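Below is the file my_file.pdb, which contains PDB, C-alpha atoms and all ligand atoms.
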ATOM      1  CA  MET V  67      32.002 -17.066  -6.155
ATOM      2  CA  ILE V  68      28.847 -16.229  -8.174
ATOM      3  CA  LYS V  69      28.504 -12.484  -8.453
ATOM      4  CA  PRO V  70      25.538 -11.150  -6.444
ATOM      5  CA  SER V  71      22.765  -9.589  -8.531
ATOM      6  CA  VAL V  72      22.252  -5.865  -8.060
ATOM      7  CA  PHE V  73      19.387  -3.683  -9.301
ATOM      8  CA  VAL V  74      19.901   0.103  -9.573
ATOM      9  CA  THR V  75      16.645   2.091  -9.578
ATOM     10  CA  ARG V  76      17.938   5.206 -11.451
ATOM     11  CA  ARG V  77      20.879   5.935 -13.785
ATOM     12  CA  TRP V  78      24.116   6.718 -11.931
ATOM     13  CA  PRO V  79      27.330   8.418 -13.111
ATOM     14  CA  ALA V  80      28.939   6.265 -15.829
ATOM     15  CA  ALA V  81      32.164   5.643 -13.871
ATOM     16  CA  VAL V  82      30.205   4.128 -10.975
ATOM     17  CA  GLU V  83      27.950   2.006 -13.191
ATOM     18  CA  ALA V  84      31.084   0.655 -14.908
ATOM     19  CA  LYS V  85      32.663  -0.315 -11.578
ATOM     20  CA  LEU V  86      29.424  -1.918 -10.376
ATOM     21  CA  ALA V  87      29.297  -3.980 -13.573
ATOM     22  CA  GLU V  88      32.814  -5.329 -12.878
ATOM     23  CA  ASN V  89      31.929  -6.630  -9.432
ATOM     24  CA  TYR V  90      28.247  -7.577  -9.706
ATOM     25  CA  ASN V  91      25.584  -8.898 -12.043
ATOM     26  CA  LEU V  92      24.203  -5.476 -12.727
ATOM     27  CA  TYR V  93      20.637  -4.624 -13.762
ATOM     28  CA  LEU V  94      19.817  -1.016 -14.641
ATOM     29  CA  ASN V  95      16.510   0.808 -14.895
ATOM     30  CA  THR V  96      17.558   2.073 -18.326
ATOM     31  CA  GLY V  97      14.444   4.263 -18.717
ATOM     32  CA  ASP V  98      15.532   6.182 -15.565
ATOM     33  CA  LYS V  99      11.894   6.571 -14.450
ATOM     34  CA  PRO V 100      10.875   6.233 -10.775
ATOM     35  CA  LEU V 101       9.478   2.763 -10.012
ATOM     36  CA  SER V 102       5.985   2.172  -8.605
ATOM     37  CA  PRO V 103       5.618   0.354  -5.248
ATOM     38  CA  GLY V 104       4.599  -2.767  -7.212
ATOM     39  CA  GLU V 105       7.747  -2.579  -9.378
ATOM     40  CA  ILE V 106       9.924  -2.103  -6.289
ATOM     41  CA  ARG V 107       8.325  -5.235  -4.781
ATOM     42  CA  GLU V 108       9.194  -7.188  -7.935
ATOM     43  CA  THR V 109      12.851  -6.132  -7.718
ATOM     44  CA  LEU V 110      12.983  -7.239  -4.071
ATOM     45  CA  LYS V 111      11.882 -10.727  -5.153
ATOM     46  CA  ARG V 112      14.593 -11.020  -7.846
ATOM     47  CA  TYR V 113      17.851  -9.356  -6.839
ATOM     48  CA  ASP V 114      20.334  -9.803  -3.967
ATOM     49  CA  ALA V 115      20.729  -6.045  -3.592
ATOM     50  CA  VAL V 116      18.558  -3.096  -4.595
ATOM     51  CA  LEU V 117      20.139   0.357  -4.816
ATOM     52  CA  PRO V 118      17.372   2.969  -4.450
ATOM     53  CA  THR V 119      17.491   6.721  -4.043
ATOM     54  CA  VAL V 120      15.409   9.620  -2.770
ATOM     55  CA  THR V 121      12.883   9.433  -5.642
ATOM     56  CA  ASP V 122      11.858   5.883  -4.676
ATOM     57  CA  THR V 123       9.098   5.435  -2.142
ATOM     58  CA  LEU V 124      10.016   2.350  -0.187
ATOM     59  CA  ASN V 125       6.940   2.456   2.023
ATOM     60  CA  ALA V 126       5.148  -0.439   3.746
ATOM     61  CA  GLU V 127       3.345  -1.285   0.483
ATOM     62  CA  ALA V 128       6.558  -1.442  -1.573
ATOM     63  CA  LEU V 129       8.351  -3.444   1.119
ATOM     64  CA  ASP V 130       5.524  -5.940   1.556
ATOM     65  CA  ALA V 131       7.574  -8.716  -0.063
ATOM     66  CA  PRO V 132       7.694 -11.777   2.177
ATOM     67  CA  GLY V 133      10.456 -14.184   1.177
ATOM     68  CA  ALA V 134      12.306 -11.396  -0.684
ATOM     69  CA  GLN V 135      15.664 -12.310  -2.224
ATOM     70  CA  THR V 136      17.072  -8.858  -1.495
ATOM     71  CA  ARG V 137      19.216  -8.619   1.637
ATOM     72  CA  ILE V 138      20.548  -5.091   1.348
ATOM     73  CA  LEU V 139      19.197  -1.704   0.228
ATOM     74  CA  GLY V 140      22.238   0.408  -0.629
ATOM     75  CA  ASN V 141      20.657   3.835  -0.688
ATOM     76  CA  TYR V 142      22.272   6.413  -2.990
ATOM     77  CA  GLY V 143      21.958   9.511  -0.791
ATOM     78  CA  VAL V 144      22.333  10.479   2.825
ATOM     79  CA  GLY V 145      18.609  10.928   3.642
ATOM     80  CA  TYR V 146      16.628   7.716   3.947
ATOM     81  CA  SER V 147      13.230   8.895   5.209
ATOM     82  CA  HIS V 148      11.751   7.454   1.961
ATOM     83  CA  ILE V 149      12.454   3.965   3.349
ATOM     84  CA  CYS V 150      10.005   2.595   5.937
ATOM     85  CA  ALA V 151      12.398   1.477   8.685
ATOM     86  CA  ALA V 152       9.925  -0.889  10.367
ATOM     87  CA  SER V 153       9.135  -2.711   7.087
ATOM     88  CA  ALA V 154      12.833  -2.941   6.182
ATOM     89  CA  ARG V 155      13.550  -4.466   9.606
ATOM     90  CA  ASN V 156      10.631  -6.885   9.174
ATOM     91  CA  LEU V 157      12.165  -8.143   5.948
ATOM     92  CA  GLY V 158      15.556  -8.457   7.673
ATOM     93  CA  LEU V 159      17.086  -5.946   5.225
ATOM     94  CA  THR V 160      20.330  -4.120   5.868
ATOM     95  CA  VAL V 161      20.076  -0.463   4.812
ATOM     96  CA  THR V 162      23.044   1.831   4.134
ATOM     97  CA  ASN V 163      23.348   5.488   3.091
ATOM     98  CA  THR V 164      26.085   7.820   1.756
ATOM     99  CA  PRO V 165      27.051  10.419   4.377
ATOM    100  CA  ASP V 166      30.116  12.759   4.321
ATOM    101  CA  VAL V 167      30.771  12.797   0.575
ATOM    102  CA  LEU V 168      27.993  15.286  -0.232
ATOM    103  CA  SER V 169      28.214  17.514   2.851
ATOM    104  CA  GLU V 170      30.345  20.254   1.313
ATOM    105  CA  CYS V 171      28.358  20.450  -1.940
ATOM    106  CA  THR V 172      25.026  20.514  -0.094
ATOM    107  CA  ALA V 173      26.290  23.287   2.187
ATOM    108  CA  ASP V 174      27.462  25.153  -0.934
ATOM    109  CA  ILE V 175      23.898  25.053  -2.287
ATOM    110  CA  ALA V 176      22.477  26.181   1.079
ATOM    111  CA  MET V 177      24.878  29.147   1.017
ATOM    112  CA  THR V 178      23.982  29.829  -2.635
ATOM    113  CA  LEU V 179      20.289  29.953  -1.693
ATOM    114  CA  LEU V 180      20.965  32.151   1.329
ATOM    115  CA  LEU V 181      22.850  34.670  -0.798
ATOM    116  CA  MET V 182      20.339  34.516  -3.633
ATOM    117  CA  VAL V 183      17.332  35.239  -1.452
ATOM    118  CA  ALA V 184      19.070  37.942   0.615
ATOM    119  CA  ARG V 185      20.358  39.737  -2.486
ATOM    120  CA  ARG V 186      17.227  39.121  -4.593
ATOM    121  CA  ALA V 187      19.237  37.334  -7.280
ATOM    122  CA  GLY V 188      16.261  35.284  -8.519
ATOM    123  CA  GLU V 189      14.106  38.382  -8.910
ATOM    124  CA  GLY V 190      16.939  40.191 -10.687
ATOM    125  CA  GLU V 191      17.516  37.375 -13.145
ATOM    126  CA  ARG V 192      13.797  37.044 -13.881
ATOM    127  CA  GLU V 193      13.527  40.788 -14.507
ATOM    128  CA  LEU V 194      16.528  40.838 -16.809
ATOM    129  CA  ARG V 195      15.466  37.798 -18.869
ATOM    130  CA  ALA V 196      11.968  39.269 -19.225
ATOM    131  CA  GLY V 197      13.528  42.390 -20.755
ATOM    132  CA  GLY V 198      12.309  44.515 -17.834
ATOM    133  CA  TRP V 199      15.641  46.012 -16.678
ATOM    134  CA  THR V 200      15.722  49.785 -17.203
ATOM    135  CA  GLY V 201      19.242  50.311 -15.805
ATOM    136  CA  TRP V 202      21.022  51.034 -12.530
ATOM    137  CA  ARG V 203      19.273  53.218  -9.977
ATOM    138  CA  PRO V 204      19.894  53.764  -6.254
ATOM    139  CA  THR V 205      16.615  52.134  -5.234
ATOM    140  CA  HIS V 206      16.623  49.128  -7.527
ATOM    141  CA  LEU V 207      16.086  45.618  -6.022
ATOM    142  CA  ILE V 208      17.467  46.512  -2.619
ATOM    143  CA  GLY V 209      18.338  43.397  -0.660
ATOM    144  CA  THR V 210      19.655  42.523   2.788
ATOM    145  CA  LYS V 211      23.308  42.483   3.850
ATOM    146  CA  VAL V 212      24.540  38.997   4.787
ATOM    147  CA  SER V 213      27.955  39.643   6.373
ATOM    148  CA  GLY V 214      27.928  39.874  10.159
ATOM    149  CA  LYS V 215      24.318  38.682  10.548
ATOM    150  CA  THR V 216      23.130  35.792  12.736
ATOM    151  CA  LEU V 217      22.514  32.395  11.181
ATOM    152  CA  GLY V 218      20.357  29.872  13.043
ATOM    153  CA  ILE V 219      21.094  26.280  12.047
ATOM    154  CA  ILE V 220      18.560  23.546  12.821
ATOM    155  CA  GLY V 221      20.337  20.182  12.801
ATOM    156  CA  TYR V 222      24.092  20.350  13.447
ATOM    157  CA  GLY V 223      25.283  17.202  11.698
ATOM    158  CA  ARG V 224      27.910  17.146   8.964
ATOM    159  CA  ILE V 225      26.017  19.389   6.505
ATOM    160  CA  GLY V 226      24.936  21.846   9.221
ATOM    161  CA  GLN V 227      28.552  22.157  10.364
ATOM    162  CA  GLU V 228      29.785  22.748   6.802
ATOM    163  CA  MET V 229      27.138  25.475   6.436
ATOM    164  CA  ALA V 230      28.346  27.080   9.695
ATOM    165  CA  ARG V 231      31.962  26.985   8.471
ATOM    166  CA  ARG V 232      31.078  28.828   5.263
ATOM    167  CA  ALA V 233      28.849  31.374   6.988
ATOM    168  CA  HIS V 234      31.144  32.085   9.941
ATOM    169  CA  HIS V 235      34.583  32.007   8.329
ATOM    170  CA  GLY V 236      33.467  33.335   4.938
ATOM    171  CA  PHE V 237      30.848  35.906   5.906
ATOM    172  CA  GLY V 238      31.604  36.670   9.567
ATOM    173  CA  MET V 239      28.164  35.434  10.616
ATOM    174  CA  ASP V 240      27.310  34.567  14.224
ATOM    175  CA  ILE V 241      26.105  30.987  14.506
ATOM    176  CA  VAL V 242      23.269  29.757  16.747
ATOM    177  CA  VAL V 243      22.500  26.057  16.689
ATOM    178  CA  TYR V 244      19.625  23.783  17.608
ATOM    179  CA  ASN V 245      20.334  20.048  17.650
ATOM    180  CA  ARG V 246      18.503  17.172  19.354
ATOM    181  CA  SER V 247      21.645  15.959  21.108
ATOM    182  CA  LYS V 248      24.343  17.989  22.839
ATOM    183  CA  ILE V 249      27.126  19.143  20.501
ATOM    184  CA  ALA V 250      30.681  18.776  21.832
ATOM    185  CA  PRO V 251      32.127  22.147  22.948
ATOM    186  CA  GLU V 252      35.147  21.738  20.648
ATOM    187  CA  VAL V 253      32.828  21.279  17.625
ATOM    188  CA  LEU V 254      30.834  24.412  18.529
ATOM    189  CA  ALA V 255      34.107  26.297  19.102
ATOM    190  CA  GLN V 256      35.205  25.719  15.471
ATOM    191  CA  CYS V 257      32.623  28.333  14.410
ATOM    192  CA  ASN V 258      32.189  30.062  17.751
ATOM    193  CA  ALA V 259      28.640  28.647  17.707
ATOM    194  CA  THR V 260      26.135  28.742  20.561
ATOM    195  CA  GLN V 261      23.763  25.812  21.091
ATOM    196  CA  VAL V 262      20.245  26.655  22.292
ATOM    197  CA  ASP V 263      17.787  24.233  23.928
ATOM    198  CA  THR V 264      14.794  24.646  21.622
ATOM    199  CA  ILE V 265      13.905  25.713  18.095
ATOM    200  CA  ASP V 266      11.663  28.349  19.669
ATOM    201  CA  ASP V 267      14.773  29.861  21.296
ATOM    202  CA  LEU V 268      16.666  29.905  18.017
ATOM    203  CA  LEU V 269      14.085  31.502  15.712
ATOM    204  CA  PRO V 270      13.714  34.974  17.303
ATOM    205  CA  GLN V 271      17.516  35.466  17.418
ATOM    206  CA  SER V 272      18.221  34.579  13.779
ATOM    207  CA  ASP V 273      18.367  36.763  10.675
ATOM    208  CA  PHE V 274      18.655  33.581   8.587
ATOM    209  CA  VAL V 275      17.440  30.089   9.497
ATOM    210  CA  SER V 276      18.863  27.103   7.627
ATOM    211  CA  LEU V 277      17.383  23.604   7.967
ATOM    212  CA  HIS V 278      19.759  20.615   8.098
ATOM    213  CA  CYS V 279      17.725  18.053  10.034
ATOM    214  CA  PRO V 280      16.414  14.709   8.720
ATOM    215  CA  GLY V 281      12.953  14.476   7.152
ATOM    216  CA  GLY V 282      10.349  11.817   7.864
ATOM    217  CA  ALA V 283       7.357  11.667  10.182
ATOM    218  CA  GLU V 284       9.191  12.956  13.252
ATOM    219  CA  ASN V 285      10.147  16.252  11.609
ATOM    220  CA  ARG V 286       7.078  16.729   9.417
ATOM    221  CA  HIS V 287       5.998  20.397   9.607
ATOM    222  CA  LEU V 288       8.658  21.214  12.186
ATOM    223  CA  ILE V 289       8.416  24.697  10.700
ATOM    224  CA  ASN V 290       4.720  25.566  10.924
ATOM    225  CA  SER V 291       2.784  28.827  11.143
ATOM    226  CA  ARG V 292       3.474  29.209  14.899
ATOM    227  CA  ARG V 293       7.208  28.888  14.329
ATOM    228  CA  LEU V 294       7.175  31.126  11.248
ATOM    229  CA  ASP V 295       5.598  33.732  13.555
ATOM    230  CA  LEU V 296       8.570  33.385  15.895
ATOM    231  CA  MET V 297      10.985  34.382  13.128
ATOM    232  CA  ARG V 298      12.118  37.979  12.920
ATOM    233  CA  PRO V 299      10.178  40.105  10.448
ATOM    234  CA  GLY V 300      12.583  40.326   7.522
ATOM    235  CA  ALA V 301      14.342  37.029   8.360
ATOM    236  CA  PHE V 302      14.957  34.356   5.706
ATOM    237  CA  LEU V 303      14.287  30.605   5.772
ATOM    238  CA  ILE V 304      16.545  28.203   3.808
ATOM    239  CA  ASN V 305      15.713  24.524   3.250
ATOM    240  CA  THR V 306      18.123  22.001   1.754
ATOM    241  CA  ALA V 307      16.958  19.186   4.074
ATOM    242  CA  ARG V 308      13.607  17.644   3.136
ATOM    243  CA  GLY V 309      10.419  19.293   1.859
ATOM    244  CA  GLU V 310       8.133  17.867   4.519
ATOM    245  CA  VAL V 311      10.020  19.708   7.279
ATOM    246  CA  ILE V 312       8.145  22.891   6.276
ATOM    247  CA  ASP V 313       4.366  23.292   6.240
ATOM    248  CA  GLU V 314       4.275  24.805   2.748
ATOM    249  CA  PHE V 315       0.797  26.222   3.154
ATOM    250  CA  ALA V 316       1.973  28.160   6.234
ATOM    251  CA  LEU V 317       5.100  29.278   4.365
ATOM    252  CA  ILE V 318       3.062  30.579   1.428
ATOM    253  CA  GLN V 319       0.957  32.635   3.862
ATOM    254  CA  ALA V 320       4.062  33.989   5.620
ATOM    255  CA  LEU V 321       5.608  34.974   2.273
ATOM    256  CA  GLN V 322       2.437  36.493   0.843
ATOM    257  CA  TYR V 323       1.783  38.593   3.959
ATOM    258  CA  GLU V 324       5.527  39.386   4.240
ATOM    259  CA  LEU V 325       5.685  38.061   7.796
ATOM    260  CA  ILE V 326       9.253  37.014   6.960
ATOM    261  CA  GLY V 327      11.708  38.492   4.470
ATOM    262  CA  GLY V 328      11.816  35.513   2.151
ATOM    263  CA  ALA V 329      12.646  31.855   1.723
ATOM    264  CA  ALA V 330      14.841  29.684  -0.446
ATOM    265  CA  LEU V 331      14.075  26.027  -1.075
ATOM    266  CA  ASP V 332      15.975  23.185  -2.720
ATOM    267  CA  VAL V 333      13.451  20.546  -1.583
ATOM    268  CA  PHE V 334       9.645  20.361  -1.660
ATOM    269  CA  ASP V 335       6.875  18.396   0.013
ATOM    270  CA  GLY V 336       5.740  15.829  -2.574
ATOM    271  CA  GLU V 337       8.428  16.874  -5.095
ATOM    272  CA  PRO V 338       8.673  17.122  -8.050
ATOM    273  CA  ARG V 339       5.137  18.507  -7.648
ATOM    274  CA  ILE V 340       5.385  22.154  -6.554
ATOM    275  CA  SER V 341       2.572  23.751  -4.505
ATOM    276  CA  PRO V 342       1.083  26.306  -6.949
ATOM    277  CA  GLY V 343       1.076  29.009  -4.226
ATOM    278  CA  LEU V 344       4.876  28.886  -4.041
ATOM    279  CA  LEU V 345       5.157  29.869  -7.692
ATOM    280  CA  GLN V 346       3.314  33.119  -6.936
ATOM    281  CA  CYS V 347       5.821  34.260  -4.284
ATOM    282  CA  ASP V 348       8.442  36.674  -5.576
ATOM    283  CA  ASN V 349      10.366  36.635  -2.297
ATOM    284  CA  LEU V 350      11.115  32.935  -2.799
ATOM    285  CA  VAL V 351      14.058  31.275  -4.534
ATOM    286  CA  MET V 352      13.577  27.680  -5.712
ATOM    287  CA  LEU V 353      16.039  25.116  -7.028
ATOM    288  CA  PRO V 354      15.189  21.574  -8.236
ATOM    289  CA  HIS V 355      16.890  19.510  -5.470
ATOM    290  CA  LEU V 356      20.452  20.320  -6.535
ATOM    291  CA  GLY V 357      22.186  19.929  -3.126
ATOM    292  CA  SER V 358      24.533  17.107  -4.116
ATOM    293  CA  ALA V 359      24.445  17.756  -7.860
ATOM    294  CA  THR V 360      28.139  18.025  -8.661
ATOM    295  CA  ARG V 361      30.108  15.466 -10.651
ATOM    296  CA  GLU V 362      32.416  15.001  -7.697
ATOM    297  CA  ALA V 363      29.691  14.416  -5.105
ATOM    298  CA  ARG V 364      27.512  12.207  -7.307
ATOM    299  CA  GLU V 365      30.445   9.947  -8.226
ATOM    300  CA  ALA V 366      31.601   9.805  -4.596
ATOM    301  CA  MET V 367      28.057   8.870  -3.507
ATOM    302  CA  GLY V 368      28.049   5.974  -5.970
ATOM    303  CA  PHE V 369      31.468   4.722  -4.894
ATOM    304  CA  ARG V 370      30.329   4.959  -1.277
ATOM    305  CA  VAL V 371      27.398   2.635  -2.090
ATOM    306  CA  LEU V 372      29.928   0.263  -3.710
ATOM    307  CA  ASP V 373      32.038   0.264  -0.522
ATOM    308  CA  ASN V 374      28.943  -0.613   1.479
ATOM    309  CA  LEU V 375      27.992  -3.427  -0.918
ATOM    310  CA  ASP V 376      31.519  -4.831  -0.933
ATOM    311  CA  ASP V 377      31.555  -4.863   2.873
ATOM    312  CA  PHE V 378      28.177  -6.553   3.006
ATOM    313  CA  PHE V 379      28.900  -9.279   0.460
ATOM    314  CA  HIS V 380      32.287 -10.006   2.070
ATOM    315  CA  GLY V 381      30.647 -10.555   5.457
ATOM    316  CA  ARG V 382      31.714  -7.246   7.026
ATOM    317  CA  ASP V 383      29.383  -4.742   8.667
ATOM    318  CA  PRO V 384      28.961  -1.921   6.093
ATOM    319  CA  ARG V 385      30.463   1.358   7.307
ATOM    320  CA  ASP V 386      27.268   3.324   6.601
ATOM    321  CA  ARG V 387      24.728   0.881   7.945
ATOM    322  CA  VAL V 388      21.675   2.808   9.211
ATOM    323  CA  ILE V 389      19.321  -0.198   9.648
TER     324      ILE V 389
HETATM  325  C1  LIG V 401      20.333  13.034  -0.138
HETATM  326  O1  LIG V 401      21.458  12.566  -0.282
HETATM  327  O2  LIG V 401      19.586  12.677   0.762
HETATM  328  C2  LIG V 401      19.918  14.104  -1.101
HETATM  329  O3  LIG V 401      18.744  14.677  -0.856
HETATM  330  C3  LIG V 401      20.200  13.723  -2.525
HETATM  331  O4  LIG V 401      21.528  14.090  -2.605
END
Please re-express this file's structure in structure tokens.
Ligand code: DGY
Amino acid sequence: MIKPSVFVTRRWPAAVEAKLAENYNLYLNTGDKPLSPGEIRETLKRYDAVLPTVTDTLNAEALDAPGAQTRILGNYGVGYSHICAASARNLGLTVTNTPDVLSECTADIAMTLLLMVARRAGEGERELRAGGWTGWRPTHLIGTKVSGKTLGIIGYGRIGQEMARRAHHGFGMDIVVYNRSKIAPEVLAQCNATQVDTIDDLLPQSDFVSLHCPGGAENRHLINSRRLDLMRPGAFLINTARGEVIDEFALIQALQYELIGGAALDVFDGEPRISPGLLQCDNLVMLPHLGSATREAREAMGFRVLDNLDDFFHGRDPRDRVI
């Protein structure tokens, strides 16, 4: 059989690119630069499969490619809110993602951020590197104790549950959960978690709030100024989900006026552009979208895309089909 042609929009770990090259006619974006909507459209006309990722905007304009040769978008990543579902359906595209394999590493980064913001680790490192540390003193950079506090988790899928496991079993935290659908009692019991009916119920009870819901239009600005007001004074907001879930303007206000204790973000609205106001906030920790950035997770994500492609081109329904 002629090998299907596959276009990869960014560079992937070498081991995965090598395996892809064995099974497919592989075309790489060797410059590793994000493609424009027009360039995405061109790839859809030429290749049997396109393998995009979170930095590609596959909106209605990019997917306006009638008669496209592409039949499958094998997304490298679990989130796929950068792909316009209606346009993908219109083109008859199958879309897959890469769940499970990055859940632990993403929860590790969420926990890293939680600890960093509570214990003022970012501020401490900045002070030390700037040569401003004058030595130990009883009142220096006093943070907030994490152990035994209450963590509110918004979105109790695989990553949310991994976060709960770390927080509850590692740090003795009480877990409160908001999720659109009902969580099975045995799943909640694993971390002695309580599910509440609304986000508004969760916020006033939580010392820390960690976001693990999908992005996209339905969750845009889920955390807005009204909801930031519902948080406890001194509470911390952690986001490893998608930037658009938080109204960044409202967050900047809440941080500047110290309406909440602080925030820690791995994702940003319109990233890699960073709202200038965020850079002024000392009670904010920021990482450049590192959730899944371990060798293990990034290779596993690539091999998961390969599994999905192999299923598709052998006539099986891919295990991670989302559209
Ligand atoms: C995803 O998988 O959606 C991440 O944001 C990139 O790991």
Next item on the list: Within 8 Å of ligand LIG 401 (chain V), which residues show up when you count all atoms listed in the file? List them as a ChimeraX atom specification, please.
Entry: /V:119-120,142-146,164-165,168,172,306-308,333,355-359,364
Any chance you could tabulate, as JSON lines, the residues of segment 263-368 of chain V at most 10 Å from segment 81-94 of chain V with each one's nearest atom pair and distance in Å to one decimal, using only C-alpha atoms, in chain and rising number order?
{"residue": "V:Arg364", "atom": "CA", "partner": "V:Val82", "partner_atom": "CA", "distance": 9.3}
{"residue": "V:Glu365", "atom": "CA", "partner": "V:Val82", "partner_atom": "CA", "distance": 6.4}
{"residue": "V:Ala366", "atom": "CA", "partner": "V:Val82", "partner_atom": "CA", "distance": 8.7}
{"residue": "V:Met367", "atom": "CA", "partner": "V:Val82", "partner_atom": "CA", "distance": 9.1}
{"residue": "V:Gly368", "atom": "CA", "partner": "V:Val82", "partner_atom": "CA", "distance": 5.8}
Can you write just those residues out, C-alpha atoms, as a short mmCIF file (atom, residue, chain, number, x, y, z; two decimals), keeping the file's coordinate frame?
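File again_23.cif, as written:
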data_model
loop_
_atom_site.label_atom_id
_atom_site.label_comp_id
_atom_site.auth_asym_id
_atom_site.auth_seq_id
_atom_site.Cartn_x
_atom_site.Cartn_y
_atom_site.Cartn_z
CA ARG V 364 27.51 12.21 -7.31
CA GLU V 365 30.44 9.95 -8.23
CA ALA V 366 31.60 9.80 -4.60
CA MET V 367 28.06 8.87 -3.51
CA GLY V 368 28.05 5.97 -5.97
#
Residue by residue, what does the PyMOL selection byres (((chain V and resi 173) around 12) and not hetatm) grab here? Present the result as a PDB file with C-alpha atoms, in the frame of the given file.
ATOM      1  CA  ASP V 166      30.116  12.759   4.321  1.00  0.00           C
ATOM      2  CA  VAL V 167      30.771  12.797   0.575  1.00  0.00           C
ATOM      3  CA  LEU V 168      27.993  15.286  -0.232  1.00  0.00           C
ATOM      4  CA  SER V 169      28.214  17.514   2.851  1.00  0.00           C
ATOM      5  CA  GLU V 170      30.345  20.254   1.313  1.00  0.00           C
ATOM      6  CA  CYS V 171      28.358  20.450  -1.940  1.00  0.00           C
ATOM      7  CA  THR V 172      25.026  20.514  -0.094  1.00  0.00           C
ATOM      8  CA  ASP V 174      27.462  25.153  -0.934  1.00  0.00           C
ATOM      9  CA  ILE V 175      23.898  25.053  -2.287  1.00  0.00           C
ATOM     10  CA  ALA V 176      22.477  26.181   1.079  1.00  0.00           C
ATOM     11  CA  MET V 177      24.878  29.147   1.017  1.00  0.00           C
ATOM     12  CA  THR V 178      23.982  29.829  -2.635  1.00  0.00           C
ATOM     13  CA  LEU V 179      20.289  29.953  -1.693  1.00  0.00           C
ATOM     14  CA  LEU V 180      20.965  32.151   1.329  1.00  0.00           C
ATOM     15  CA  ILE V 219      21.094  26.280  12.047  1.00  0.00           C
ATOM     16  CA  TYR V 222      24.092  20.350  13.447  1.00  0.00           C
ATOM     17  CA  GLY V 223      25.283  17.202  11.698  1.00  0.00           C
ATOM     18  CA  ARG V 224      27.910  17.146   8.964  1.00  0.00           C
ATOM     19  CA  ILE V 225      26.017  19.389   6.505  1.00  0.00           C
ATOM     20  CA  GLY V 226      24.936  21.846   9.221  1.00  0.00           C
ATOM     21  CA  GLN V 227      28.552  22.157  10.364  1.00  0.00           C
ATOM     22  CA  GLU V 228      29.785  22.748   6.802  1.00  0.00           C
ATOM     23  CA  MET V 229      27.138  25.475   6.436  1.00  0.00           C
ATOM     24  CA  ALA V 230      28.346  27.080   9.695  1.00  0.00           C
ATOM     25  CA  ARG V 231      31.962  26.985   8.471  1.00  0.00           C
ATOM     26  CA  ARG V 232      31.078  28.828   5.263  1.00  0.00           C
ATOM     27  CA  ALA V 233      28.849  31.374   6.988  1.00  0.00           C
ATOM     28  CA  SER V 276      18.863  27.103   7.627  1.00  0.00           C
ATOM     29  CA  LEU V 277      17.383  23.604   7.967  1.00  0.00           C
ATOM     30  CA  HIS V 278      19.759  20.615   8.098  1.00  0.00           C
ATOM     31  CA  ILE V 304      16.545  28.203   3.808  1.00  0.00           C
ATOM     32  CA  ASN V 305      15.713  24.524   3.250  1.00  0.00           C
ATOM     33  CA  THR V 306      18.123  22.001   1.754  1.00  0.00           C
ATOM     34  CA  ALA V 307      16.958  19.186   4.074  1.00  0.00           C
ATOM     35  CA  ASP V 332      15.975  23.185  -2.720  1.00  0.00           C
ATOM     36  CA  LEU V 356      20.452  20.320  -6.535  1.00  0.00           C
ATOM     37  CA  GLY V 357      22.186  19.929  -3.126  1.00  0.00           C
ATOM     38  CA  SER V 358      24.533  17.107  -4.116  1.00  0.00           C
ATOM     39  CA  ALA V 359      24.445  17.756  -7.860  1.00  0.00           C
ATOM     40  CA  ALA V 363      29.691  14.416  -5.105  1.00  0.00           C
TER      41      ALA V 363
END
List every protein, DNA or RNA residue with an atom no more than 12 Å from (19.3, 2.3, -9.4) in the file's coordinates, counting all atoms listed in the file, and format the result as a short mmCIF file (atom, residue, chain, number, x, y, z; two decimals) with C-alpha atoms, in the coordinates of the input.
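Result file is result_8.cif:
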data_model
loop_
_atom_site.label_atom_id
_atom_site.label_comp_id
_atom_site.auth_asym_id
_atom_site.auth_seq_id
_atom_site.Cartn_x
_atom_site.Cartn_y
_atom_site.Cartn_z
CA VAL V 72 22.25 -5.86 -8.06
CA PHE V 73 19.39 -3.68 -9.30
CA VAL V 74 19.90 0.10 -9.57
CA THR V 75 16.64 2.09 -9.58
CA ARG V 76 17.94 5.21 -11.45
CA ARG V 77 20.88 5.94 -13.78
CA TRP V 78 24.12 6.72 -11.93
CA PRO V 79 27.33 8.42 -13.11
CA VAL V 82 30.20 4.13 -10.98
CA GLU V 83 27.95 2.01 -13.19
CA LEU V 86 29.42 -1.92 -10.38
CA LEU V 92 24.20 -5.48 -12.73
CA TYR V 93 20.64 -4.62 -13.76
CA LEU V 94 19.82 -1.02 -14.64
CA ASN V 95 16.51 0.81 -14.90
CA THR V 96 17.56 2.07 -18.33
CA GLY V 97 14.44 4.26 -18.72
CA ASP V 98 15.53 6.18 -15.56
CA LYS V 99 11.89 6.57 -14.45
CA PRO V 100 10.88 6.23 -10.78
CA LEU V 101 9.48 2.76 -10.01
CA ILE V 106 9.92 -2.10 -6.29
CA THR V 109 12.85 -6.13 -7.72
CA ALA V 115 20.73 -6.04 -3.59
CA VAL V 116 18.56 -3.10 -4.60
CA LEU V 117 20.14 0.36 -4.82
CA PRO V 118 17.37 2.97 -4.45
CA THR V 119 17.49 6.72 -4.04
CA VAL V 120 15.41 9.62 -2.77
CA THR V 121 12.88 9.43 -5.64
CA ASP V 122 11.86 5.88 -4.68
CA LEU V 139 19.20 -1.70 0.23
CA GLY V 140 22.24 0.41 -0.63
CA ASN V 141 20.66 3.84 -0.69
CA TYR V 142 22.27 6.41 -2.99
CA GLY V 143 21.96 9.51 -0.79
CA GLY V 368 28.05 5.97 -5.97
CA VAL V 371 27.40 2.64 -2.09
#
Next item on the list: For a cut-off of 10 Å around (14.2, 0.6, 5.1), file coordinates, pick out all residues using only C-alpha atoms and list them as number ranges by chain.
Entry: V: 124-126, 129, 138-141, 146-162, 388-389
